[in-house]
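Structure file run-v3.cif (mmCIF, C-alpha atoms) is printed below.
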data_my_file
loop_
_atom_site.label_atom_id
_atom_site.label_comp_id
_atom_site.auth_asym_id
_atom_site.auth_seq_id
_atom_site.Cartn_x
_atom_site.Cartn_y
_atom_site.Cartn_z
CA MET A 1 34.56 -76.02 187.94
CA THR A 2 37.47 -75.77 185.48
CA ALA A 3 40.70 -73.98 186.33
CA ASP A 4 39.73 -71.09 184.04
CA LEU A 5 36.32 -70.66 185.70
CA SER A 6 37.97 -70.83 189.11
CA ALA A 7 40.36 -68.07 188.02
CA VAL A 8 37.39 -65.88 187.01
CA GLU A 9 35.72 -66.50 190.38
CA ARG A 10 38.91 -65.63 192.28
CA ALA A 11 39.43 -62.47 190.24
CA LEU A 12 35.89 -61.26 190.91
CA ARG A 13 36.15 -62.03 194.63
CA ALA A 14 39.37 -60.01 194.83
CA ALA A 15 38.11 -57.06 192.75
CA ALA A 16 36.84 -53.81 194.20
CA PRO A 17 33.03 -53.58 193.89
CA TYR A 18 33.25 -50.90 191.19
CA ALA A 19 35.91 -52.81 189.23
CA LEU A 20 34.12 -56.08 188.43
CA LEU A 21 34.06 -55.35 184.71
CA ASP A 22 37.78 -54.53 184.66
CA ALA A 23 38.57 -57.73 186.55
CA THR A 24 36.39 -59.78 184.19
CA ARG A 25 38.03 -58.20 181.15
CA ALA A 26 41.53 -58.86 182.48
CA VAL A 27 41.02 -62.54 183.25
CA LEU A 28 39.07 -63.22 180.05
CA THR A 29 41.82 -61.60 177.98
CA ARG A 30 44.58 -63.47 179.77
CA ARG A 31 43.07 -66.95 180.01
CA TYR A 32 40.65 -67.06 177.04
CA GLY A 33 42.17 -64.60 174.54
CA VAL A 34 38.95 -62.58 174.48
CA ARG A 35 39.42 -59.36 172.48
CA THR A 36 36.62 -57.15 173.77
CA VAL A 37 34.38 -57.24 176.83
CA GLU A 38 31.25 -55.13 177.39
CA LEU A 39 28.61 -55.28 180.10
CA LEU A 40 25.13 -53.95 179.39
CA LEU A 41 22.47 -53.66 182.09
CA ALA A 42 18.71 -53.39 181.57
CA ASP A 43 17.21 -50.08 182.66
CA TYR A 44 14.35 -49.73 185.13
CA SER A 45 11.70 -49.60 182.41
CA LEU A 46 13.13 -52.67 180.61
CA THR A 47 13.28 -50.74 177.34
CA VAL A 48 17.04 -50.30 176.83
CA LEU A 49 20.36 -51.93 177.65
CA GLN A 50 22.90 -49.48 179.06
CA ARG A 51 26.67 -49.97 178.80
CA VAL A 52 28.50 -49.97 182.12
CA THR A 53 31.23 -47.34 181.98
CA ASP A 54 32.78 -44.87 184.38
CA LEU A 55 30.20 -42.34 183.17
CA PRO A 56 27.17 -44.47 182.32
CA HIS A 57 25.04 -41.60 181.02
CA THR A 58 27.52 -40.85 178.23
CA ALA A 59 27.14 -44.32 176.68
CA ARG A 60 24.62 -44.79 173.89
CA PRO A 61 21.89 -47.23 175.03
CA LEU A 62 20.67 -50.13 172.92
CA ALA A 63 17.00 -51.01 172.48
CA VAL A 64 16.25 -54.05 174.60
CA HIS A 65 14.29 -55.95 171.95
CA THR A 66 16.45 -55.31 168.88
CA GLY A 67 19.85 -56.53 167.78
CA ALA A 68 21.79 -59.56 168.92
CA SER A 69 22.22 -58.27 172.49
CA GLY A 70 18.48 -57.71 172.78
CA ARG A 71 17.79 -61.21 171.45
CA ALA A 72 20.13 -62.69 174.06
CA PHE A 73 18.36 -60.72 176.79
CA GLY A 74 14.87 -61.68 175.61
CA SER A 75 15.53 -65.34 174.84
CA GLN A 76 17.95 -65.87 177.74
CA GLN A 77 20.17 -67.77 175.32
CA PRO A 78 23.62 -66.88 173.93
CA CYS A 79 23.44 -65.03 170.61
CA THR A 80 26.38 -64.60 168.24
CA GLU A 81 27.00 -62.06 165.46
CA PRO A 82 30.01 -60.96 163.37
CA ALA A 83 32.11 -58.33 165.08
CA PRO A 84 31.88 -54.82 163.57
CA GLY A 85 34.90 -53.81 161.50
CA PRO A 86 36.89 -50.59 161.84
CA GLY A 87 34.53 -48.76 159.48
CA GLY A 88 31.38 -49.97 161.20
CA GLY A 89 30.87 -53.00 158.94
CA HIS A 90 31.29 -56.61 159.97
CA GLY A 91 34.77 -57.94 160.53
CA GLY A 92 36.24 -61.14 159.14
CA ASP A 93 39.06 -62.30 156.89
CA GLY A 94 36.94 -63.60 154.03
CA ASP A 95 37.56 -67.30 154.67
CA GLY A 96 35.13 -67.95 157.48
CA GLY A 97 37.50 -66.76 160.23
CA GLY A 98 37.67 -63.45 162.07
CA THR A 99 36.11 -62.12 165.24
CA VAL A 100 32.55 -62.68 166.41
CA VAL A 101 30.68 -61.18 169.34
CA VAL A 102 28.83 -63.57 171.60
CA HIS A 103 26.13 -61.98 173.77
CA LEU A 104 25.40 -63.85 177.01
CA PRO A 105 22.50 -63.23 179.42
CA VAL A 106 23.53 -61.99 182.86
CA THR A 107 20.83 -63.52 185.03
CA VAL A 108 20.61 -64.48 188.70
CA ARG A 109 17.91 -66.98 189.72
CA GLY A 110 15.67 -65.77 186.93
CA ASP A 111 16.26 -62.05 187.53
CA ARG A 112 17.47 -60.69 184.18
CA LEU A 113 20.15 -58.07 184.87
CA GLY A 114 21.59 -57.57 181.40
CA VAL A 115 24.03 -58.96 178.84
CA LEU A 116 27.78 -59.68 178.76
CA SER A 117 29.19 -59.21 175.22
CA LEU A 118 32.50 -60.81 174.33
CA GLY A 119 34.52 -60.38 171.14
CA VAL A 120 36.31 -63.66 170.39
CA ASP A 121 38.07 -65.48 167.58
CA SER A 122 35.35 -67.43 165.77
CA ALA A 123 37.59 -70.51 165.58
CA GLU A 124 37.87 -70.55 169.38
CA LEU A 125 34.12 -70.33 170.07
CA THR A 126 33.44 -74.05 170.56
CA PRO A 127 30.23 -75.23 172.29
CA GLN A 128 32.27 -75.98 175.41
CA ARG A 129 33.85 -72.53 175.39
CA GLN A 130 30.46 -70.85 174.90
CA GLU A 131 29.07 -72.79 177.87
CA GLU A 132 32.00 -71.58 179.98
CA PHE A 133 31.28 -68.01 178.89
CA ARG A 134 27.62 -68.50 179.87
CA GLU A 135 28.71 -69.62 183.34
CA ILE A 136 31.04 -66.62 183.64
CA ALA A 137 28.14 -64.27 182.84
CA GLU A 138 26.09 -65.91 185.61
CA ILE A 139 28.98 -65.66 188.08
CA LEU A 140 29.39 -61.98 187.20
CA GLY A 141 25.67 -61.40 187.85
CA HIS A 142 25.94 -62.81 191.38
CA HIS A 143 28.93 -60.56 192.11
CA ILE A 144 27.10 -57.49 190.78
CA LEU A 145 24.25 -58.04 193.23
CA VAL A 146 26.72 -58.30 196.11
CA ALA A 147 28.72 -55.30 194.90
CA GLU A 148 25.62 -53.08 194.83
CA ARG A 149 25.83 -52.90 198.61
CA ASP A 150 29.08 -50.92 198.25
CA THR A 151 28.89 -48.98 194.97
CA ASP A 152 26.30 -47.06 192.94
CA LEU A 153 27.96 -47.83 189.60
CA TYR A 154 25.63 -50.64 188.51
CA LEU A 155 22.50 -48.87 189.78
CA GLN A 156 23.52 -45.74 187.86
CA ALA A 157 24.11 -47.77 184.71
CA ARG A 158 20.49 -48.98 184.79
CA ARG A 159 19.11 -45.43 184.54
CA LYS A 160 18.36 -43.78 181.24
CA ASP A 161 16.59 -40.99 183.17
CA ARG A 162 16.72 -39.65 186.68
CA LEU A 163 14.49 -41.37 189.23
CA THR A 164 12.20 -39.28 191.39
CA LEU A 165 12.93 -39.58 195.10
CA ALA A 166 9.69 -41.52 195.60
CA ALA A 167 10.69 -43.96 192.87
CA GLU A 168 14.17 -44.33 194.37
CA MET A 169 12.57 -45.38 197.64
CA GLN A 170 10.20 -47.82 195.96
CA TRP A 171 12.80 -49.58 193.82
CA GLN A 172 15.06 -50.02 196.84
CA LEU A 173 12.26 -51.99 198.53
CA LEU A 174 11.96 -54.61 195.80
CA PRO A 175 13.34 -58.14 196.12
CA ALA A 176 14.02 -58.40 192.33
CA ARG A 177 12.00 -58.15 189.11
CA ALA A 178 11.96 -61.88 188.45
CA CYS A 179 12.64 -65.15 190.23
CA THR A 180 12.68 -68.73 188.99
CA ARG A 181 12.52 -71.96 190.94
CA GLU A 182 11.49 -75.47 190.00
CA GLU A 183 8.01 -74.87 191.42
CA TYR A 184 7.30 -71.41 190.01
CA ALA A 185 8.52 -68.47 187.95
CA ILE A 186 7.73 -64.84 188.82
CA GLY A 187 8.03 -61.66 186.77
CA ALA A 188 7.03 -58.14 187.86
CA GLN A 189 7.17 -54.58 186.61
CA LEU A 190 6.20 -51.11 187.88
CA GLU A 191 5.24 -48.11 185.75
CA PRO A 192 6.00 -45.28 185.37
CA ALA A 193 9.35 -46.84 186.22
CA TYR A 194 11.14 -43.55 186.90
CA ALA A 195 8.31 -41.88 188.83
CA ILE A 196 6.48 -44.65 190.70
CA HIS A 197 4.64 -43.63 193.89
CA GLY A 198 2.83 -46.17 196.07
CA ASP A 199 2.61 -49.49 194.21
CA ASN A 200 4.99 -52.26 195.18
CA PHE A 201 5.48 -56.01 195.37
CA ASP A 202 7.42 -58.35 197.59
CA TRP A 203 8.13 -62.06 197.84
CA SER A 204 10.05 -64.49 199.99
CA ALA A 205 10.46 -68.27 199.79
CA THR A 206 11.37 -71.05 202.17
CA GLU A 207 11.77 -74.75 201.45
CA ASP A 208 8.01 -75.30 201.35
CA ARG A 209 6.32 -71.87 201.15
CA LEU A 210 6.23 -68.81 198.90
CA THR A 211 4.83 -65.58 200.30
CA LEU A 212 3.81 -62.95 197.74
CA THR A 213 2.56 -59.44 198.49
CA ILE A 214 0.98 -56.95 196.06
CA THR A 215 0.75 -53.48 197.61
CA ASN A 216 -0.91 -50.19 196.66
CA GLY A 217 -0.35 -47.25 199.01
CA MET A 218 -2.72 -44.29 198.71
CA GLY A 219 -1.53 -40.82 197.81
CA GLU A 220 1.19 -39.46 195.57
CA GLY A 221 4.92 -38.78 195.61
CA ILE A 222 6.91 -39.04 198.82
CA ASP A 223 3.78 -39.47 200.99
CA ALA A 224 2.75 -42.59 199.06
CA SER A 225 6.29 -43.97 199.10
CA LEU A 226 6.71 -43.46 202.84
CA LEU A 227 3.36 -45.14 203.48
CA THR A 228 4.26 -48.15 201.33
CA ASN A 229 7.71 -48.39 202.95
CA LEU A 230 6.07 -48.61 206.36
CA ALA A 231 3.59 -51.27 205.22
CA ILE A 232 6.15 -53.43 203.40
CA ASN A 233 8.57 -53.40 206.31
CA ALA A 234 5.77 -54.07 208.81
CA LEU A 235 4.70 -57.10 206.72
CA ARG A 236 8.30 -58.32 206.49
CA ASN A 237 8.79 -57.88 210.23
CA ALA A 238 5.67 -59.94 210.94
CA ARG A 239 6.57 -62.59 208.35
CA ARG A 240 10.07 -62.97 209.79
CA ALA A 241 8.53 -63.42 213.24
CA GLY A 242 6.97 -66.60 211.89
CA VAL A 243 3.28 -65.70 212.23
CA ASP A 244 0.62 -66.74 209.70
CA ILE A 245 -0.52 -64.36 206.95
CA ALA A 246 -3.71 -63.27 208.73
CA ASP A 247 -1.61 -62.13 211.69
CA GLN A 248 0.93 -60.58 209.31
CA ALA A 249 -1.86 -58.42 207.92
CA ALA A 250 -3.13 -57.58 211.41
CA LEU A 251 0.29 -56.53 212.69
CA ALA A 252 0.96 -54.40 209.59
CA ASP A 253 -2.50 -52.87 209.97
CA GLN A 254 -1.61 -51.84 213.54
CA ALA A 255 1.65 -50.29 212.36
CA VAL A 256 -0.06 -48.19 209.67
CA TRP A 257 -2.91 -47.20 212.01
CA GLY A 258 -0.46 -46.25 214.74
CA GLN A 259 1.36 -43.88 212.39
CA TYR A 260 -1.54 -42.38 210.42
CA ARG A 261 -4.66 -42.89 212.61
CA GLY A 262 -6.84 -43.69 209.62
CA GLU A 263 -5.78 -40.72 207.50
CA ALA A 264 -3.89 -43.01 205.11
CA HIS A 265 -4.23 -46.67 204.25
CA VAL A 266 -2.59 -49.38 202.14
CA SER A 267 -4.35 -51.87 199.87
CA VAL A 268 -2.73 -55.30 199.99
CA LEU A 269 -3.23 -58.71 198.44
CA LEU A 270 -1.23 -61.13 200.59
CA LEU A 271 -0.74 -64.75 199.48
CA GLU A 272 1.09 -67.77 200.87
CA PHE A 273 1.64 -70.70 198.47
CA HIS A 274 2.27 -74.24 199.76
CA LEU A 275 4.78 -75.56 197.25
CA ASP A 276 4.01 -79.24 197.75
CA THR A 277 0.20 -79.10 197.40
CA GLY A 278 -0.68 -75.87 195.57
CA LEU A 279 -2.79 -74.68 198.49
CA VAL A 280 -2.88 -70.87 198.63
CA GLU A 281 -3.87 -68.87 201.71
CA ILE A 282 -4.99 -65.34 200.83
CA VAL A 283 -5.81 -62.12 202.63
CA ASP A 284 -7.53 -59.60 200.35
CA ALA A 285 -7.24 -56.18 201.99
CA GLY A 286 -7.92 -53.71 199.19
CA SER A 287 -7.74 -53.06 195.47
CA PRO A 288 -5.09 -55.38 193.88
CA GLN A 289 -6.77 -58.09 191.81
CA LEU A 290 -5.95 -61.62 190.62
CA LEU A 291 -6.70 -63.13 187.21
CA ARG A 292 -5.95 -66.73 186.28
CA LEU A 293 -5.09 -68.16 182.87
CA ARG A 294 -5.95 -71.87 182.75
CA ASP A 295 -6.56 -74.04 179.68
CA GLY A 296 -6.65 -70.98 177.42
CA ALA A 297 -9.33 -69.14 179.43
CA VAL A 298 -8.86 -66.04 181.59
CA ARG A 299 -10.94 -65.73 184.76
CA HIS A 300 -11.03 -63.06 187.42
CA ILE A 301 -10.67 -64.70 190.86
CA PRO A 302 -12.71 -62.77 193.44
CA PHE A 303 -12.13 -62.89 197.18
CA GLU A 304 -14.00 -61.69 200.23
CA ALA A 305 -12.86 -58.09 200.56
CA GLN A 306 -11.47 -56.98 203.91
CA LEU A 307 -10.44 -53.50 205.06
CA PRO A 308 -7.18 -52.00 203.74
CA LEU A 309 -4.33 -51.79 206.21
CA GLY A 310 -4.56 -48.80 208.53
CA LEU A 311 -8.14 -47.82 207.73
CA ALA A 312 -9.52 -48.74 211.18
CA ASP A 313 -8.08 -49.62 214.55
CA ASP A 314 -7.45 -53.26 215.45
CA THR A 315 -8.97 -54.77 212.29
CA PRO A 316 -9.17 -58.60 212.36
CA TYR A 317 -8.16 -60.45 209.18
CA GLU A 318 -9.00 -63.93 207.99
CA ALA A 319 -7.28 -65.99 205.30
CA GLN A 320 -9.26 -67.59 202.49
CA ARG A 321 -8.04 -70.69 200.67
CA ILE A 322 -7.86 -71.76 197.06
CA ARG A 323 -5.69 -74.23 195.20
CA VAL A 324 -3.67 -73.70 192.04
CA GLU A 325 -2.90 -76.35 189.44
CA ARG A 326 0.23 -77.20 187.51
CA GLY A 327 0.31 -74.97 184.40
CA ASP A 328 -1.73 -72.12 185.92
CA ARG A 329 -0.62 -68.57 185.15
CA LEU A 330 -1.64 -66.01 187.77
CA ILE A 331 -1.67 -62.30 186.93
CA PHE A 332 -1.82 -59.75 189.74
CA VAL A 333 -2.60 -56.11 188.92
CA SER A 334 -3.04 -52.88 190.85
CA ASP A 335 -5.94 -50.49 190.28
CA GLY A 336 -3.62 -48.46 188.06
CA VAL A 337 -4.07 -51.33 185.59
CA HIS A 338 -7.54 -52.82 185.97
CA ALA A 339 -9.34 -49.52 186.66
CA VAL A 340 -7.75 -47.42 183.88
CA ALA A 341 -10.34 -46.19 181.38
CA SER A 342 -9.88 -45.63 177.65
CA LYS A 343 -11.04 -42.45 175.97
CA ALA A 344 -14.26 -44.31 175.23
CA GLY A 345 -14.69 -44.98 178.95
CA GLU A 346 -13.98 -48.74 178.94
CA ALA A 347 -12.11 -49.95 182.02
CA TYR A 348 -9.00 -51.90 181.06
CA GLY A 349 -9.90 -54.69 183.46
CA ALA A 350 -13.30 -55.25 181.84
CA THR A 351 -12.14 -57.04 178.67
CA ALA A 352 -8.84 -55.56 177.43
CA LEU A 353 -6.80 -57.03 180.30
CA ALA A 354 -7.99 -60.54 179.45
CA ARG A 355 -7.03 -59.95 175.82
CA ALA A 356 -3.56 -58.79 176.90
CA ILE A 357 -3.10 -61.87 179.09
CA LEU A 358 -4.00 -64.12 176.16
CA ALA A 359 -1.76 -62.13 173.80
CA THR A 360 1.24 -62.68 176.10
CA ARG A 361 0.51 -66.33 176.95
CA LEU A 362 3.57 -67.63 175.07
CA LEU A 363 6.01 -65.28 176.82
CA PRO A 364 7.97 -66.39 179.89
CA ALA A 365 6.80 -64.97 183.21
CA ALA A 366 9.63 -62.42 183.33
CA GLU A 367 8.44 -60.78 180.08
CA VAL A 368 4.69 -60.86 180.64
CA PRO A 369 4.36 -57.73 182.85
CA ARG A 370 6.19 -55.57 180.28
CA GLY A 371 3.94 -56.96 177.53
CA ILE A 372 0.73 -56.26 179.47
CA LEU A 373 1.87 -52.74 180.38
CA THR A 374 2.62 -52.06 176.70
CA GLU A 375 -0.94 -53.12 175.86
CA LEU A 376 -2.20 -50.89 178.68
CA ALA A 377 -0.39 -47.87 177.25
CA ALA A 378 -2.14 -48.40 173.91
CA HIS A 379 -5.51 -48.70 175.67
CA ARG A 380 -4.96 -45.55 177.71
CA ASP A 381 -3.83 -43.28 174.84
CA ASP A 382 -2.26 -40.72 177.18
CA ALA A 383 0.24 -40.30 179.99
CA PRO A 384 -0.37 -42.53 183.05
CA GLN A 385 -2.42 -40.92 185.80
CA ASP A 386 -1.64 -43.58 188.40
CA ASP A 387 0.96 -46.20 189.21
CA ALA A 388 0.61 -49.47 187.31
CA LEU A 389 1.84 -52.77 188.71
CA VAL A 390 1.74 -56.20 187.04
CA VAL A 391 3.05 -59.43 188.58
CA CYS A 392 2.97 -62.75 186.71
CA LEU A 393 3.37 -66.10 188.47
CA ASP A 394 3.63 -69.36 186.51
CA TRP A 395 2.89 -72.35 188.75
CA ALA A 396 4.48 -75.77 188.36
CA GLY A 397 4.35 -77.04 191.94
CA ARG A 398 5.95 -80.25 193.13
CA HIS A 399 3.17 -82.80 192.84
CA PRO A 400 -0.30 -83.03 191.32
CA ALA A 401 -3.01 -81.70 193.64
CA PRO A 402 -4.46 -84.44 195.86
CA ALA A 403 -8.03 -85.69 195.47
CA GLY A 404 -10.63 -83.44 197.04
CA ALA A 405 -8.56 -80.31 196.44
CA LEU A 406 -10.16 -76.94 196.94
CA PRO A 407 -11.17 -75.40 193.58
CA VAL A 408 -9.96 -72.01 192.42
#
Starting from the coordinates I provided, produce the structure as structure tokens.
Amino acid sequence: MTADLSAVERALRAAAPYALLDATRAVLTRRYGVRTVELLLADYSLTVLQRVTDLPHTARPLAVHTGASGRAFGSQQPCTEPAPGPGGGHGGDGDGGGTVVVHLPVTVRGDRLGVLSLGVDSAELTPQRQEEFREIAEILGHHILVAERDTDLYLQARRKDRLTLAAEMQWQLLPARACTREEYAIGAQLEPAYAIHGDNFDWSATEDRLTLTITNGMGEGIDASLLTNLAINALRNARRAGVDIADQAALADQAVWGQYRGEAHVSVLLLEFHLDTGLVEIVDAGSPQLLRLRDGAVRHIPFEAQLPLGLADDTPYEAQRIRVERGDRLIFVSDGVHAVASKAGEAYGATALARAILATRLLPAAEVPRGILTELAAHRDDAPQDDALVVCLDWAGRHPAPAGALPV
């Protein structure tokens, strides 16, 4: 790490949680001669980038897929444009000099938080300097995630509308909206983002395993959110106790039954991926579904259905096994996606979902859920009647599957 990067790291460590942007601006101005510094964070619906200010709701948001900042966010690559002049036009001195704005993705382990925009002298923006700026944006992202334990500023800046209380509870449960490792990449999205009820997702990884949970709690509003909170935390508690996924489901089932006595239940698709072989152990306890894109073809992957969590007392669960291959794309959806009907009565999961998966096949995993949900909105033609959850997992694995592997 260079002396300048070390200075940025020290400044951010010393800054108050709510003052990370001020600390970044100060050190970039002093050590790099940066003229302007702005931080934009993606909102919950992934439709706009919101400027981080003392009063975030007074700042004009920018569309997430337009302009240079949107291109940096979508491509996850730095994007440069001429700086606006005093009258709103582009700056410059007419001889190729002047100020440019470089937009840098703020991303932590694949989770796309937003964009850091820096106004700099074009003559100073060398490839080495741009790479240092990219690293600074990543360092800032890590500090934002830590700072969120102690300030609401960055959470407020992600909101273009007020969250319902149920949605507040659901978003606080989430691990992230994306994650990237050498073996896999995950992207996920919930809709309606500002009024979600009972749908949720969770994941956790160790050196050799990835556990993924797709959850759909029955009911609406606070009741659905409380139910899902109980189920997610019961599953986490069992997972952290080191038991296998069948026992994780059984223990969570007991927790939900003990609280609701069968009057409420949670649908869950629980999966554990073995990173070195591609073996997947699965407990299907309800309505979430899995579709696989392989070699240009989309196939629904059925499992032996077992009872949702909390529906009956002391339900036993068994794990099924499949194997995924390098290059597979797995799409997980709740019933608010696959069961939604068009005005003509066609269920989205019948054929339109496969078309949407194919239409988004060139997008990275982090962008696929938003793309599928956009296609869903066009299919539905009206306001959503249920939560909609899409999770995309791109599988790379560590080694080719061994001979005699279980088929998917």
Target residues per the PyMOL selection byres ((chain A and resi 238) around 12), formatted as a ChimeraX atom specification: /A:231-237,239-255
Expansion of the PyMOL selection byres ((chain A and resi 123) around 10) into residues, as a PyMOL selection string: chain A and resi 96-100+120-122+124-126
Selection dump of the PyMOL selection byres ((chain A and resi 330) around 6), as a PyMOL selection string: chain A and resi 291-292+329+331+392-393
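Distance check against A:Leu174 using only C-alpha atoms: of A:Glu272, A:Glu131, A:Asp328, A:Asp202, the minimum falls on A:Asp202.
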A:Thr206, A:Leu113, A:Leu270, A:Trp171 ranked by distance to A:Leu145, top pick (using only C-alpha atoms): A:Leu113
Distance criterion (all atoms listed in the file): nearest to A:Arg25 out of A:Ala188, A:Met169, A:Leu104, A:Leu118: A:Leu118
Minimum-distance residue to A:Leu40, chosen among A:Ser267, A:Gln156, A:Ser225, A:Gln172 (using all atoms listed in the file):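 Of the candidates, the smallest distance to A:Leu40 is held by A:Gln156.
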d(atom CA of A:Gly74, atom CA of A:Ala42) in Å: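 Spanning atom CA of A:Gly74 to atom CA of A:Ala42 is a straight-line distance of 10.9 Å.
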Neighbour list for A:Thr151 as a PyMOL selection string, cut-off 10 Å, all atoms listed in the file, skip fewer than 6 positions in-chain: chain A and resi 16-19+144
Long-range neighbours of A:Glu191 as an MDAnalysis selection string, 7 Å cut-off, all atoms listed in the file, 2 positions minimum in chain: chainID A and resid 189 193 196 387:389
Selection: 12 Å around A:Arg112, all atoms listed in the file, excl. self and same-chain fewer than 4 positions, as a PyMOL selection string: chain A and resi 40-44+46+49+64+70+72-77+104-108+116+137-138+141-142+145+176-180+186-188+364-367
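The gap separating atom CA of A:Ile301 from atom CA of A:Met218 is 23.3 Å, in Å to one decimal.
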One-decimal distance in Å that lies between atom CA of A:Gly278 and atom CA of A:Trp395: 8.5 Å
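Neighbouring residues of A:Thr351 at 12 Å or closer, counting only C-alpha atoms and skipping chain neighbours under 4 positions away, are Leu291, Val298, Arg299, His300, His338, Ala339, Val340, Ala341, Ser342, Glu346, Ala347, Arg355, Ala356, Ile357, Leu358, Leu376 and His379 of chain A.
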Will you model N, CA and C atoms for stretch 201-220 of chain A and pass it back as a short mmCIF file (atom, residue, chain, number, x, y, z; two decimals), in the frame of the given file?
data_model
loop_
_atom_site.label_atom_id
_atom_site.label_comp_id
_atom_site.auth_asym_id
_atom_site.auth_seq_id
_atom_site.Cartn_x
_atom_site.Cartn_y
_atom_site.Cartn_z
N PHE A 201 5.66 -54.57 195.25
CA PHE A 201 5.48 -56.01 195.37
C PHE A 201 6.63 -56.56 196.19
N ASP A 202 6.39 -57.73 196.76
CA ASP A 202 7.42 -58.35 197.59
C ASP A 202 7.19 -59.86 197.56
N TRP A 203 8.27 -60.62 197.69
CA TRP A 203 8.13 -62.06 197.84
C TRP A 203 9.28 -62.62 198.65
N SER A 204 9.02 -63.78 199.23
CA SER A 204 10.05 -64.49 199.99
C SER A 204 9.69 -65.97 199.98
N ALA A 205 10.70 -66.83 199.86
CA ALA A 205 10.46 -68.27 199.79
C ALA A 205 11.26 -69.01 200.85
N THR A 206 10.67 -70.08 201.34
CA THR A 206 11.37 -71.05 202.17
C THR A 206 11.35 -72.38 201.42
N GLU A 207 11.74 -73.44 202.10
CA GLU A 207 11.77 -74.75 201.45
C GLU A 207 10.39 -75.18 200.97
N ASP A 208 9.34 -74.79 201.70
CA ASP A 208 8.01 -75.30 201.35
C ASP A 208 6.95 -74.22 201.17
N ARG A 209 7.31 -72.93 201.28
CA ARG A 209 6.32 -71.87 201.15
C ARG A 209 6.86 -70.72 200.29
N LEU A 210 5.94 -70.06 199.61
CA LEU A 210 6.23 -68.81 198.90
C LEU A 210 5.22 -67.78 199.37
N THR A 211 5.70 -66.69 199.91
CA THR A 211 4.83 -65.58 200.30
C THR A 211 4.97 -64.46 199.28
N LEU A 212 3.84 -63.99 198.78
CA LEU A 212 3.81 -62.95 197.74
C LEU A 212 2.88 -61.83 198.20
N THR A 213 3.34 -60.60 198.06
CA THR A 213 2.56 -59.44 198.49
C THR A 213 2.46 -58.43 197.36
N ILE A 214 1.24 -58.01 197.04
CA ILE A 214 0.98 -56.95 196.06
C ILE A 214 0.41 -55.77 196.83
N THR A 215 1.05 -54.61 196.73
CA THR A 215 0.75 -53.48 197.61
C THR A 215 0.44 -52.22 196.81
N ASN A 216 -0.54 -51.45 197.28
CA ASN A 216 -0.91 -50.19 196.66
C ASN A 216 -1.17 -49.17 197.75
N GLY A 217 -0.19 -48.28 198.00
CA GLY A 217 -0.35 -47.25 199.01
C GLY A 217 -1.04 -46.02 198.45
N MET A 218 -1.97 -45.45 199.19
CA MET A 218 -2.72 -44.29 198.71
C MET A 218 -1.82 -43.06 198.67
N GLY A 219 -2.24 -42.08 197.87
CA GLY A 219 -1.53 -40.82 197.81
C GLY A 219 -0.57 -40.75 196.63
N GLU A 220 0.25 -39.70 196.66
CA GLU A 220 1.19 -39.46 195.57
C GLU A 220 2.57 -39.11 196.14
#
